[in-house]
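Peer 1: Once you've had a glance at the structure underneath, I'll fire off some questions.
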Amino acid sequence: MNVRSETATAAAREDAPVLVWFRNDLRVGDHPALAAALDSGRPVLPLYILEEQAPGDCALGAASLWWLHHSLDALAGRLADLGAPLHLRRGRAEDIVPDLAERLDAAAVFWNRRYEPWAIATDRDIKATLRDRGVAAESYNGTLLHEPWEVKTKQGGWYGVFTPFWKAECALGDPPAPIDPPRGIPAASIAGLPPSDDLADWALLPTRPDWAGGLRAAWTPGEAGARDRLSAFLEDGVPDYPETRNIPGIEGTSRLSPHLHFGELSPRQIWHWALERVRESGSGKLERGVWAFLREIGWRDFNHNLLFHTPEMTHKNYQSKFDAFPWREDEAALRAWQQGMTGYPLVDAGMRELWETGYMHNRIRMLVASFLVKDLLIPWQRGEAWFRDTLVDADLANNVANWQWTAGCGADAAPYFRIFNPVTQGEKFDPDGAYVRRWVPELADLPNKAIHAPWTADAQTLARAKVELGRTYPHPIVDHKRARQLALDAYQEVKGAA
DNA sequence: TGAAATGTTGGGGCG
DNA sequence: ACGCCCCAACATTTC
C-alpha cells in the first residue's frame, strides 16, 4: 500500500499526487484504489474517462449511458463534498492517463480492475507505459468477491461448473471486510491540466425524444441509492427471497444489478452486511434467504471467472459443437421479439418492461431468451446485443454467460432441450396475470384463464375484454408446440458433435 | 433455474 | 365379492 516503499522510481516530491482512475467502481466506500491513494498520504486527483473504443468493442448502450450520467453526477457530488472534485475526460485512456500523470508529475496511478477482454488489454498497456516512465501503477480488486485466478481447482485449473466453483470460493473464507468511506480527500492541484469536461457536454442523456421517464421512475443511480436499495432488501425482502424471487409480478428480487455493474456497491459490502444482518437477527429463515441471495452474487463471480479464462466467449459458443447449429436469420421475428409483439403475453410483458425501465425480472429474462433462441431459432448473439443495448445493468460477463447458459452452448449450461413454455410459465409464476396486465395493458381486462393464452379464449371473452387478435394484440408469431419440435430436431444436428 | 411423454398406482363405478 | 375399466394423480423417462 505504501507507494514510496514499493516504487523506487516514484516522484521524489513529497507532494506529488496520486491519480485515482474510476471506472465501474463509482463509489467512495470500499474503494481499494482510493483507499490506497489516501494511505500514501499524497494529494489525490479522482479521474473518470469516457472511453472511445474501437468499433465492435462492446460500446455502452443508451440505457447504460443514462445510468452512467446519473451515477457520475452522484459520484462527482460526493467527491466534491470530500474535497477532491472529479476530473472528467473523454477519449482514449491509453493517451489520457499517461498524459495526465506526466502533467501532474504524479507519483502513482491507482485503479480497481475490470475484466472485459478489451479493458484488460488497455489497462495492461497503460500500466506498462506508466512504469516505463517511472510512475507507479497499481490495480486492486474492487469488483469481485475473489479474483478469477484465486478460485482454483485442486489441480490448479479453473472451474467450468458453478457448484464446485462456489464451494471452492466459499472455502476461501470471507473476502476482506469493506473499507469505510473516507472522511476527506486531499485534493491535488490541477494547475497544469486542461480543464475537466462538463458532464452535460457528454450528452449521455436522451433528448428528442426523452424516453427516460420509465427509467427515472424505477431507479436512483448512485452510491446512496444503491445502499438504500440494499438496506431495504436486507430488511424486508431477503427472508422470502427464495420464493418471491420467482414471481415477476411482485418486487421479490434485490434489483441491485445496475448498482453492482457500475460499482456503486461492492460485492464485499453485500457479503459482509448481509451476514451481519443474519447475526443480528438470529433467524434461520433470514439466513436461508441471505445464502440464496449470496449464491447469486457467486454466479456473478463465476461468470467473470469464465470470461477471464475464455475471453472469446463474448462472441463464440463456449461449447464449439454448437457452431454447427442451424440458426435462422429472421429480421421480422427479431423485431417482433424486441418490440414485445410476439403474441405471447409473458414474453411481450418482459420485452416491454425492458424497453421502458431498462430492466427485466430474472425469470422472464430466462423465458424471453429461451423464446428467441429456441422458439425463433435466432442466434443468442442477437439477443445478447439487444440486452446489452437496453439493460441498465448490461454487464459483459453476466450477459454473455447467461445467454450462453440459456442457449445451451455455455459452461454448465441448461441442457438445450430445456425449452420454456410461455403459457405454463405464466400459469406457474404469474397466476393472477399481474405482470402481464402491468406491461401489456391491452390485455388487462382478460380473465386469468385467458391472460397467458388469449388465442384460446372464446369470442365473447375477447370481445368483453376489448381484445381483437391481429388488431389490438398480435396472433402468436409461432406455434410453441411446433416451434419446440423444430428446435429439438435442429438440436439433433449438433448433439453428437465433439 | 422445464416440459411433454410415458409409466404406475389406486380409488371408484359398474356389471 | 370380484374383476374389469376408467382416469386422476403422481412418478419416471425422455427430449
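Residues are named by chain letter and number: chains run A, B, ... in the order of the C-alpha cells, numbers start at 1 in each chain, and ligands are numbered from 1 in the order shown.
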Can you tell me, as a PDB file with C-alpha atoms (C1' of nucleotides), in the first residue's frame, what residues are no more than 10 Å from range 3-7 of chain C when counting only C-alpha atoms (C1' of nucleotides), ignoring any on the same chain fewer than 3 positions away?
Peer 2:
```pdb
ATOM      1  C1'  DG B  11     -59.939 -45.399  -5.828  1.00  0.00           C
ATOM      2  C1'  DG B  12     -64.455 -45.853  -7.502  1.00  0.00           C
ATOM      3  C1'  DG B  13     -68.149 -47.173 -10.754  1.00  0.00           C
ATOM      4  C1'  DC B  14     -70.166 -50.988 -12.646  1.00  0.00           C
ATOM      5  C1'  DG B  15     -71.584 -55.476 -14.424  1.00  0.00           C
TER       6       DG B  15
END
```
Peer 1: What are the closest atom pairs, with distances in Å to one decimal, for all residues of chain A lying within 9 Å of chain C? Consider only C-alpha atoms (C1' of nucleotides), order rows by chain and residue number, and present the result as a Markdown table.
Peer 2:
```
| residue | atom | partner | partner_atom | distance |
| --- | --- | --- | --- | --- |
| A:Phe417 | CA | C:DC15 | C1' | 5.7 |
| A:Arg418 | CA | C:DC15 | C1' | 8.2 |
| A:Leu488 | CA | C:DC15 | C1' | 7.2 |
```
Peer 1: For the residues in that selection, give me C-alpha atoms as a PDB file, in the first residue's frame.
Peer 2:
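Ended up saving to again-v3.pdb:
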```pdb
ATOM      1  CA  PHE A 417     -33.854 -29.450 -24.649  1.00  0.00           C
ATOM      2  CA  ARG A 418     -34.956 -27.435 -21.632  1.00  0.00           C
ATOM      3  CA  LEU A 488     -35.423 -30.327 -30.863  1.00  0.00           C
TER       4      LEU A 488
END
```
Peer 1: Distance limit 8 Å, atoms considered: only C-alpha atoms (C1' of nucleotides). Which chain A residues sit that close to chain B? Return them as a JSON list (two decimals) with N, CA and C atoms, in the first residue's frame.
Peer 2:
```json
[["chain", "number", "residue", "atom", "x", "y", "z"],
["A", 418, "ARG", "N", -34.14, -28.11, -22.64],
["A", 418, "ARG", "CA", -34.96, -27.43, -21.63],
["A", 418, "ARG", "C", -35.57, -26.19, -22.27],
["A", 419, "ILE", "N", -36.77, -26.34, -22.74],
["A", 419, "ILE", "CA", -37.42, -25.27, -23.50],
["A", 419, "ILE", "C", -38.61, -24.74, -22.71],
["A", 420, "PHE", "N", -38.59, -23.46, -22.40],
["A", 420, "PHE", "CA", -39.66, -22.87, -21.59],
["A", 420, "PHE", "C", -40.94, -22.75, -22.40],
["A", 421, "ASN", "N", -42.04, -23.06, -21.77],
["A", 421, "ASN", "CA", -43.36, -22.87, -22.37],
["A", 421, "ASN", "C", -43.93, -21.56, -21.81]]
```
Peer 1: Excluding Pro195 in chain A and residues on its chain fewer than 6 positions from it, collect all residues at most 10 Å away from it, counting only C-alpha atoms (C1' of nucleotides), and give them as JSON, numbers by chain.
Peer 2: {"A": [87, 88, 89]}
Peer 1: Can you measure CA of Gly263 in chain A to CA of Arg23 in chain A for me? One decimal in Å is fine.
Peer 2: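 Going from CA of Gly263 in chain A over to CA of Arg23 in chain A covers 8.3 Å.
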